[in-house]
Amino acid sequence: MTLFRGLFLLCAGVGCCVPSVRADDGGWQVDASTYLWFPKTESRVETPFGMASSTLSARDALDALDAGVMAGISARRGPWSLVGDLFYLDLSFHERTPVGRVFSSIDTRTTLASLAGYGLYSLYEDDRFAIDAGAGLRMMSSDIDVTLQGIARPDQETSVSDTWIDPLLAIRTSAKLGERWRAVLWADGGGFDIDDASDRTWQLSALLVYRISETWSASGGYRDLYVERENQSVPYSLELSGPLLGVSYRF
């Protein structure tokens, strides 16, 4: 089952980890990437008994994964780039609680869906280095269910279900390290507590890309996504971070 989950993620994952591409002036150049992500998942939800914190290590991520879908694309024409990103994760895990005399353990189920779109413009580009910057929107939907398994009292359940849209500012840099090697950094952040947006959110990814051929490349790196917000007076936060490996195909 763990192998199946890993292959499922590997075959389905694409997104902001798509490396930047250089397009000639004629038309659109499209780059799509598939990757395997091993995220450490940390969630914090306010309960009547205080803040309930749970952590799922990257090593246990595949065992905790109930479902996962990721897809995305990056297209460029001249100085303009369009980036789209979609992912869905359903994780459930169990751990001991620090409130040992009252509750024995915490059961956490986290469902997170994200659909993001960005428009970027080239600020600088030469044969070895490129910088793109722009803005975008990320629509997210999260369901966090926390159950404190009782010892001296009945089980206590707290649930947070939320859907919102965050405005974002984004930047992407790419540096050629050799004939076949390239480094790509992506960062976005926003929310700004505008209307129903998050108090704050940010995403970082760093990739080292190896060009296998004119159309195929392989990459490895790290990705981190953080969200902090409040829904119906219940504060909560989510962070997913971990290494990734992937392959890219250029159309």
# chains A, B, ... in the order shown; residues from 1 in each chain; ligands from 1

$ residues_around --residues "Phe87 of chain A" --least-positions-apart "5" --cutoff "7 Å" --atoms "only C-alpha atoms" --output "list of chain:residue names"
A:Val69, A:Met70, A:Ala71, A:Ala113, A:Ser114, A:Leu115

$ closest_residue --among "A:Trp181, A:Tyr88, A:Tyr35, A:Trp164" --to "Asp195 of chain A" --atoms "only C-alpha atoms"
A:Trp164

$ select_by_dssp --residues "segment 42-242 of chain A" --states "strand (DSSP E)" --output "PyMOL selection string"
chain A and resi 42-47+50-56+65-77+80-96+103-125+129-150+156-176+181-190+200-211+216-231+234-242

$ closest_residue --among "A:Glu125, A:Asp85, A:Asp143, A:Asp31" --to "Arg109 of chain A" --atoms "only C-alpha atoms"
A:Asp143

$ atom_distance --atom1 "atom CA of Leu112 of chain A" --atom2 "atom CA of Ala187 of chain A"
19.9 Å

$ closest_residue --among "A:Trp28, A:Asp90, A:Phe38, A:Asp162" --to "Tyr222 of chain A" --atoms "only C-alpha atoms"
A:Phe38

$ residues_around --residues "Asp145 of chain A" --least-positions-apart "4" --cutoff "9 Å" --atoms "only C-alpha atoms" --output "list in words"
Asp107, Thr108, Arg109, Thr110, Thr111, Glu157, Thr158, Ser159, Val160 and Ser161 of chain A

$ residues_around --residues "Gly136 of chain A" --least-positions-apart "2" --cutoff "8 Å" --atoms "only C-alpha atoms" --output "NGL selection string"
:A and (116-119 or 134 or 138 or 167-170)

$ write_last_selection --atoms "N, CA and C atoms" --output "PDB file, in the first residue's frame"
ATOM      1  N   ALA A 116      -4.153  27.410  -7.373  1.00  0.00           N
ATOM      2  CA  ALA A 116      -3.461  28.698  -7.451  1.00  0.00           C
ATOM      3  C   ALA A 116      -3.136  29.040  -8.893  1.00  0.00           C
ATOM      4  N   GLY A 117      -3.145  30.334  -9.180  1.00  0.00           N
ATOM      5  CA  GLY A 117      -2.750  30.828 -10.488  1.00  0.00           C
ATOM      6  C   GLY A 117      -1.924  32.091 -10.342  1.00  0.00           C
ATOM      7  N   TYR A 118      -0.872  32.219 -11.158  1.00  0.00           N
ATOM      8  CA  TYR A 118       0.044  33.351 -11.067  1.00  0.00           C
ATOM      9  C   TYR A 118       0.328  33.901 -12.458  1.00  0.00           C
ATOM     10  N   GLY A 119       0.543  35.207 -12.517  1.00  0.00           N
ATOM     11  CA  GLY A 119       1.065  35.856 -13.700  1.00  0.00           C
ATOM     12  C   GLY A 119       2.391  36.508 -13.362  1.00  0.00           C
ATOM     13  N   GLY A 134       5.645  38.690  -9.944  1.00  0.00           N
ATOM     14  CA  GLY A 134       4.261  38.955 -10.306  1.00  0.00           C
ATOM     15  C   GLY A 134       3.330  38.738  -9.132  1.00  0.00           C
ATOM     16  N   ARG A 138      -4.545  32.272  -4.556  1.00  0.00           N
ATOM     17  CA  ARG A 138      -4.586  30.864  -4.163  1.00  0.00           C
ATOM     18  C   ARG A 138      -5.883  30.604  -3.398  1.00  0.00           C
ATOM     19  N   PRO A 167      -4.735  36.608  -1.739  1.00  0.00           N
ATOM     20  CA  PRO A 167      -3.928  37.320  -2.742  1.00  0.00           C
ATOM     21  C   PRO A 167      -2.453  37.095  -2.453  1.00  0.00           C
ATOM     22  N   LEU A 168      -1.642  36.995  -3.512  1.00  0.00           N
ATOM     23  CA  LEU A 168      -0.237  36.631  -3.341  1.00  0.00           C
ATOM     24  C   LEU A 168       0.675  37.497  -4.192  1.00  0.00           C
ATOM     25  N   LEU A 169       1.873  37.725  -3.695  1.00  0.00           N
ATOM     26  CA  LEU A 169       2.981  38.259  -4.472  1.00  0.00           C
ATOM     27  C   LEU A 169       3.998  37.141  -4.644  1.00  0.00           C
ATOM     28  N   ALA A 170       4.583  37.023  -5.836  1.00  0.00           N
ATOM     29  CA  ALA A 170       5.461  35.888  -6.116  1.00  0.00           C
ATOM     30  C   ALA A 170       6.718  36.333  -6.843  1.00  0.00           C
TER      31      ALA A 170
END

$ atom_distance --atom1 "atom CA of Gln203 of chain A" --atom2 "atom CA of Gly190 of chain A"
9.4 Å

$ residues_around --residues "Glu179 of chain A" --least-positions-apart "6" --cutoff "12 Å" --atoms "only C-alpha atoms" --output "VMD selection string"
chain A and resid 127 to 128 209 to 213

$ atom_distance --atom1 "atom CA of Ser122 of chain A" --atom2 "atom CA of Arg200 of chain A"
25.9 Å
